[in-house]
Structure formats: structure tokens, C-alpha cells
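Shown next: coords-v4.txt, containing compact mmCIF, C-alpha atoms and all ligand atoms.
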# COMPACT_ATOMS: atom_id res chain seq x y z
CA MET J 18 -66.29 153.33 40.38
CA THR J 19 -64.41 150.42 38.83
CA PRO J 20 -66.43 148.28 36.42
CA ASN J 21 -66.48 144.57 37.10
CA ASP J 22 -68.06 142.81 34.18
CA SER J 23 -68.28 139.41 35.84
CA GLU J 24 -70.20 140.90 38.74
CA THR J 25 -72.33 143.43 36.97
CA VAL J 26 -75.90 142.51 36.29
CA ARG J 27 -77.52 144.93 33.96
CA GLY J 28 -80.70 144.66 32.00
CA ASP J 29 -84.09 146.14 31.54
CA CYS J 30 -87.19 145.58 33.60
CA SER J 31 -89.62 143.51 31.54
CA PHE J 32 -92.52 145.41 33.08
CA CYS J 33 -91.58 149.08 32.74
CA GLY J 34 -88.26 149.09 30.87
CA GLU J 35 -86.26 150.68 33.68
CA THR J 36 -82.58 149.76 33.81
CA VAL J 37 -81.86 147.22 36.53
CA THR J 38 -78.30 146.87 37.81
CA ARG J 39 -76.40 144.68 40.26
CA GLN J 40 -77.18 146.96 43.15
CA HIS J 41 -80.84 145.99 42.83
CA ALA J 42 -80.17 142.25 42.99
CA ILE J 43 -81.89 140.43 45.83
CA ILE J 44 -81.53 136.74 44.91
CA HIS J 45 -78.60 135.02 43.22
CA TYR J 46 -78.98 131.59 41.67
CA GLU J 47 -77.37 129.23 39.21
CA THR J 48 -79.10 128.04 36.07
CA ALA J 49 -79.31 124.41 34.99
CA SER J 50 -76.43 125.07 32.62
CA GLY J 51 -74.28 126.47 35.42
CA GLU J 52 -74.62 130.10 34.44
CA PRO J 53 -75.02 132.63 37.25
CA GLY J 54 -78.38 134.29 37.37
CA VAL J 55 -80.05 136.87 39.52
CA TRP J 56 -83.44 138.11 40.50
CA ALA J 57 -83.58 141.83 41.08
CA GLU J 58 -86.12 144.33 42.29
CA CYS J 59 -86.87 147.01 39.73
CA PRO J 60 -86.04 150.44 41.20
CA ASP J 61 -88.97 151.99 39.41
CA CYS J 62 -91.99 149.69 39.57
CA GLY J 63 -90.81 147.33 42.30
CA GLU J 64 -91.44 144.15 40.32
CA ILE J 65 -89.04 141.24 40.75
CA VAL J 66 -87.38 140.64 37.40
CA ASP J 67 -84.60 138.60 35.83
CA PRO J 68 -82.61 141.27 33.94
CA VAL J 69 -80.01 138.79 32.69
CA ASN J 70 -82.24 136.28 30.95
CA ALA J 71 -84.79 138.86 29.88
CA GLN J 72 -82.45 140.12 27.18
ZN ZN U 1 -89.93 148.00 36.41
Using C-alpha cells, write down the structure that the file contains.
Ligand SMILES: [Zn+2]
Amino acid sequence: MTPNDSETVRGDCSFCGETVTRQHAIIHYETASGEPGVWAECPDCGEIVDPVNAQ
């Protein structure tokens, strides 16, 4: 697969620590500062997390 840094959302679930990637994203939004954000469903525990801003 070809990496696409601008599209890839990757972070850790704040509940269980599982890696959450773009493929798990369910909601895309834009922050007050104009930065793209995403809510994603953790593949392990199923919690909805924000892997980008959790880092
Ligand atoms: Zn999790």
C-alpha cells in the first residue's frame, strides 16, 4: 500500500492503547483552528476515540 501522510490518521486508543488508524475513522471534523480531526472506533475495545488529539 502507498502511504499518504496527509490522509493517515494514526494514534493510540486512550482506553486500551490499541493502535487506531484511518481505516477505523467514522467521523471527520475540523477543529476551531482549522486542523482536520477525526473520531474513530477502536478496533479492540470499540470505544470512540480521537487518536489525533490524544497524542
Ligand atoms: Zn480501545
Exercise for review: Kindly work out which residues sit at most 9 Å from ligand ZN 1 (chain U), using all atoms listed in the file, and give the list as a VMD selection string.
Suggested key: chain J and resid 29 to 37 58 to 66
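What separates CA of Arg27 in chain J from CA of Thr48 in chain J is a distance of 17.1 Å.
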Point to revise | Residue neighbourhood Ala57 in chain J, 9 Å, all atoms listed in the file, exclusion window fewer than 6 positions, as a ChimeraX atom specification | key: /J:37-45,64-68
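Excluding Asn70 in chain J itself and any same-chain residue fewer than 5 positions from it, the protein and nucleic acid residues within 10 Å of it, counting only C-alpha atoms, are J:Gly28, J:Gly54, J:Val55, J:Trp56.
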How big is the axis-aligned box, and where does its centre sit, when it encloses all atoms of range 44-61 of chain J listed in the file and has 5 Å added on every side, reported in Å to one decimal as lines of an AutoDock Vina configuration file?
center_x = -81.6
center_y = 138.2
center_z = 38.8
size_x = 24.7
size_y = 37.6
size_z = 22.3
